[in-house]
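Asks: First the structure, which I've put down as C-alpha cells, then a few questions once you've had a look.
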Amino acid sequence: MTKSLGIIGGGQLGMMLTEAAKTMPEYISDVTVLDPTENCPASRSGAKQIVADFKDKNAIVELALQSDVITYEIESGDSEVLESLHGEVAINPSPSTLRVIQDKYLQKKFLRQNNIPVADFDVIESLDDLRKKTVIFQYPVLLKARRDAYDGRGNFKINDSSQIEEAYNKFAGRQTMIEKFVDFKMEVSVIAARNIHGEIATYPLVENIHRENILEFTIAPARVDNKIASEADRIAKKTMDVLHGAGVFGIEMFVTKDEKVLINEIAPRVHNSGHHTLQSSETSQFEQHLRAILGLPLGSTKLKHATVMCNILGPKDFFGRYKPITLEQTNGVYLKMYNKDEAKPQRKLGHFNVVDEQDKGIDFVFEKAIEIKKSVKFLT
C-alpha cells in the first residue's frame, strides 16, 4: 500500500524530499508539508501545503490527520505535540530523539553518557556562573544558545573576560551552555541512515569548508587518511545505534590537530553536506531518508564519483527578488536552485555539484568548483 507523507518544513530539504518521493510512486501517494511561507519550495515541487508555524499545535495535528508517516526537514517542530501523536501516526525520527537533539546541551549530555567523544561542555545558569566557568574552561570558549539556532547564529566566541557580559546579553532570556573551543584541523561529517528495522548505513566521510559559519563547500570524499575516515565512520555508526527512530542524520564532526575525532552537532534530518549524493552516490540522501522511514531496505551508499558541492548564497546587503541563476551544466556540473522568491544575505538559494566524471582527482574538481563559484552572478 502507498502511504501519505507529511513533512514539517517545506524549504529546500523538503523540496528535495518531495522530488525523491515522486520517484517512488509505488510507496508514496502524496506529500503534505507544514511551512509558514506561502508557496514554499516544496509546494512548488508538487507537495500540498499547510501554511502555519512549525510549532503550531493545531497545524501539526492537521498534518497528522492527512499523513500516514511524518518526518521533518527542520528541527523546529514541537516535540511534545509530536510525542502525543506518536501512537496515531508513524513519526520518524522519533519525537524523543528530536527533543534531545533540539537542545544542544541535552544532545551533548546524551552523547557523553553513551561514551561518544565530544568537547567539554556545561550548562550556564547566570552571568556569574558564566564568569566562573570561563576561568575553568580557559579562553577561548563558546557560549551557545541551547535551542533554535543554526549556521552558527546561536554561538558567541568569548576570547577574553571583556566579552563575557556582551556574550551573556546576546542570549538574554534564552537557555545557554558553555563549550570548550576546539582548535580543529578540519570540519567533516558523515551522513548516516537507520531504517525502522535497525539496518544502518553510512556514506563516506566528507570534508566541509565554512565561511562565516555557513557551509560553503563539501568535498566528497574527505581528504583524510584511512584511520581518520574509519574512526569517523565508527563514531557515526555507534551514534546511530544509540539514537531511537529511523531516518537520515547529518553527523558533524571535528578532526583535531592531534588526529582525534569529536562530534560537533547532530541534525535529525537530511543535511546540507549530503547534497553531493544527488549525483555522486548510488542512492541520494533524500531517497535514503524515505527508504529508512518507510521500512524499506537501505540503498547503496557507494560513492560513484568524487564530487564537490558548493552552496549558492544570497549576496551581502541585498534583499528582494532576483533573476534565476544559470550555469553551463556540462562536464560534470549540476545546478540545483531552490525556487525561493527572494534573496537575503547569506540565504541558501541553491547549490551546484561538480562531479569527477573524468577521474581527474578531487583537488582538480575542487579548483574547478572554486572557479565556477567566482562566475556566479546575481541579476536583480
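By order of appearance in the C-alpha cells: chains A, B, ..., then residues from 1 within every chain, and ligands from 1 in the order shown.
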Name the residues of range 185-261 of chain A that come out as alpha helix (DSSP H) in a backbone DSSP run; write them as a list in words.
Replies: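 Of range 185-261 of chain A, the ones in alpha helix (DSSP H) are Asn226, Lys227, Ile228, Ala229, Ser230, Glu231, Ala232, Asp233, Arg234, Ile235, Ala236, Lys237, Lys238, Thr239, Met240, Asp241 and Val242 of chain A.
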Asks: Within 8 Å of His276 in chain A, counting only C-alpha atoms, which residues show up once you throw out same-chain ones fewer than 4 positions away? Write them as a VMD selection string, please.
Replies: chain A and resid 218 220 280 to 281 307 to 309 353
Asks: Could you save the residues just selected, with C-alpha atoms, as a short mmCIF file (atom, residue, chain, number, x, y, z; two decimals), in the first residue's frame?
Replies:
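See again_23.cif below for the written result:
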```cif
data_model
loop_
_atom_site.label_atom_id
_atom_site.label_comp_id
_atom_site.auth_asym_id
_atom_site.auth_seq_id
_atom_site.Cartn_x
_atom_site.Cartn_y
_atom_site.Cartn_z
CA THR A 218 31.61 19.96 0.77
CA ALA A 220 33.46 14.08 -1.07
CA SER A 280 27.87 11.30 -6.52
CA SER A 281 26.19 8.28 -4.98
CA THR A 307 32.26 15.33 -6.02
CA VAL A 308 32.41 18.87 -4.66
CA MET A 309 29.22 20.65 -3.60
CA ASN A 353 27.74 19.83 -7.70
#
```
Asks: Show me a table, sorted first by chain and then by increasing residue number, of the residues of range 283-365 of chain A having an atom at most 12 Å from range 87-91 of chain A, each with its shortest atom pair and the distance in Å to one decimal, counting only C-alpha atoms and written as a tab-separated table.
Replies:
```
residue	atom	partner	partner_atom	distance
A:Ala292	CA	A:Ile91	CA	11.7
A:Ile293	CA	A:Ile91	CA	8.2
A:Leu294	CA	A:Ala90	CA	9.3
A:Gly295	CA	A:Ala90	CA	11.1
```
Asks: Save out the residues we just selected, N, CA, C and O atoms, as a compact mmCIF listing (two decimals), in the first residue's frame.
Replies:
```txt
# COMPACT_ATOMS: atom_id res chain seq x y z
N ALA A 292 14.32 4.74 4.67
CA ALA A 292 14.51 4.46 6.10
C ALA A 292 13.20 4.58 6.87
O ALA A 292 12.85 3.70 7.66
N ILE A 293 12.45 5.66 6.65
CA ILE A 293 11.24 5.87 7.44
C ILE A 293 10.07 5.00 6.98
O ILE A 293 9.13 4.77 7.73
N LEU A 294 10.16 4.48 5.75
CA LEU A 294 9.13 3.58 5.24
C LEU A 294 9.42 2.11 5.56
O LEU A 294 8.59 1.23 5.30
N GLY A 295 10.61 1.85 6.09
CA GLY A 295 10.96 0.47 6.43
C GLY A 295 11.45 -0.34 5.26
O GLY A 295 11.47 -1.57 5.31
```
Asks: Using only C-alpha atoms, which of A:Glu187, A:Glu231, A:Asp78, A:Glu328 sits nearest Ser273 in chain A?
Replies: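 With only C-alpha atoms as the atom set, the closest residue is A:Glu187.
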Asks: Within 10 Å of Asn195 in chain A, counting only C-alpha atoms, which residues show up once you throw out same-chain ones fewer than 3 positions away? Write them as a PyMOL selection string, please.
Replies: chain A and resi 92-93+198-201+245-248+288-298
Asks: Each residue of range 64-100 of chain A with at least one atom at most 10 Å from range 258-269 of chain A should appear once, together with its nearest atom pair and the corresponding distance in Å (one decimal); atoms considered: only C-alpha atoms; ordering: chain, then increasing residue number; output as CSV.
Replies:
```
residue,atom,partner,partner_atom,distance
A:Thr71,CA,A:Arg269,CA,8.3
A:Tyr72,CA,A:Arg269,CA,6.6
A:Glu73,CA,A:Arg269,CA,5.6
A:Ile74,CA,A:Arg269,CA,7.2
A:Glu75,CA,A:Pro268,CA,7.3
A:Asn92,CA,A:Pro268,CA,9.2
A:Pro93,CA,A:Pro268,CA,6.7
A:Ser94,CA,A:Pro268,CA,9.3
A:Thr97,CA,A:Pro268,CA,7.9
A:Leu98,CA,A:Pro268,CA,6.8
```
Asks: Smallest atom-to-atom distance to Val100 in chain A: which of A:Ile158, A:Leu243, A:Ile325, A:Leu143, using only C-alpha atoms?
Replies: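 Among the listed residues, A:Leu243 lies closest to Val100 in chain A.
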Asks: Name the closest residue to Gln346 in chain A among the candidates A:Asp56, A:Glu371, A:Asp317, A:Asp363; distances are taken between atoms, counting only C-alpha atoms.
Replies: A:Asp317
Asks: Find the residues around Val61 in chain A up to 12 Å (only C-alpha atoms counted), leave out those fewer than 2 positions away in its own chain, and share them as a ChimeraX atom specification.
Replies: /A:6,8,34,50,52,54-59,63-67,70,77-78,80-86,88-89
Asks: Please measure the separation of CA of Asn208 in chain A and CA of Ala369 in chain A, giving the value in Å to one decimal.
Replies: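 Computing the Euclidean distance for CA of Asn208 in chain A and CA of Ala369 in chain A yields 13.7 Å.
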Asks: Taking into account only C-alpha atoms, which residue in the set A:Glu282, A:Glu367, A:Glu342, A:Glu252 is nearest to Thr239 in chain A?
Replies: A:Glu252
Asks: One decimal, Å: what's the distance from CA of Glu216 in chain A over to CA of Lys368 in chain A, could you say?
Replies: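 Separation between CA of Glu216 in chain A and CA of Lys368 in chain A: 14.2 Å.
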Asks: Nearest to Lys237 in chain A: which of A:Arg194, A:Lys144, A:Arg174, A:Lys48 is it, counting only C-alpha atoms?
Replies: A:Arg194
Asks: From the list A:Met24, A:Ala42, A:Leu127, A:Ile209, which residue is nearest Glu166 in chain A when using only C-alpha atoms?
Replies: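 Looking only at the distances to Glu166 in chain A, the closest residue turns out to be A:Leu127.
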Asks: Would you pick out the contacts of Ala343 in chain A at 8 Å or less, using only C-alpha atoms, so that residues sharing its chain but fewer than 5 positions from it are not included, and give the list as a list in words?
Replies: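 Counting only the stated atoms, we get Gly314, Pro315, Phe318, Phe319, Gly320, Arg321, Tyr322 and Leu349 of chain A.
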Asks: Print the selection's residues with N, CA, C and O atoms to a file, as a compact mmCIF listing (two decimals), in the first residue's frame.
Replies:
```txt
# COMPACT_ATOMS: atom_id res chain seq x y z
N GLY A 314 22.66 34.08 -0.89
CA GLY A 314 22.25 35.44 -1.23
C GLY A 314 23.38 36.42 -1.01
O GLY A 314 24.14 36.29 -0.04
N PRO A 315 23.55 37.41 -1.91
CA PRO A 315 24.66 38.36 -1.78
C PRO A 315 24.47 39.27 -0.57
O PRO A 315 23.35 39.51 -0.12
N PHE A 318 21.81 42.65 0.13
CA PHE A 318 20.72 42.63 -0.85
C PHE A 318 19.55 41.83 -0.32
O PHE A 318 19.68 40.70 0.12
N PHE A 319 18.38 42.47 -0.37
CA PHE A 319 17.12 41.81 -0.04
C PHE A 319 16.17 42.00 -1.21
O PHE A 319 16.06 43.11 -1.75
N GLY A 320 15.48 40.95 -1.62
CA GLY A 320 14.46 41.14 -2.65
C GLY A 320 14.49 40.08 -3.73
O GLY A 320 15.20 39.08 -3.65
N ARG A 321 13.69 40.32 -4.75
CA ARG A 321 13.55 39.36 -5.85
C ARG A 321 14.80 39.39 -6.72
O ARG A 321 15.48 40.41 -6.84
N TYR A 322 15.08 38.28 -7.33
CA TYR A 322 16.27 38.15 -8.18
C TYR A 322 15.93 37.25 -9.36
O TYR A 322 14.97 36.49 -9.33
N LEU A 349 20.15 29.74 -1.51
CA LEU A 349 19.25 29.84 -2.66
C LEU A 349 19.41 28.68 -3.64
O LEU A 349 18.56 28.46 -4.49
```
Asks: Quick one: pull the distance between CA of Asp103 in chain A and CA of Ile235 in chain A, Å, one decimal.
Replies: 20.5 Å
Asks: Write out as a count of residues only which residues come within 6 Å of Asp35 in chain A when counting only C-alpha atoms, dropping same-chain ones fewer than 3 positions away.
Replies: 4
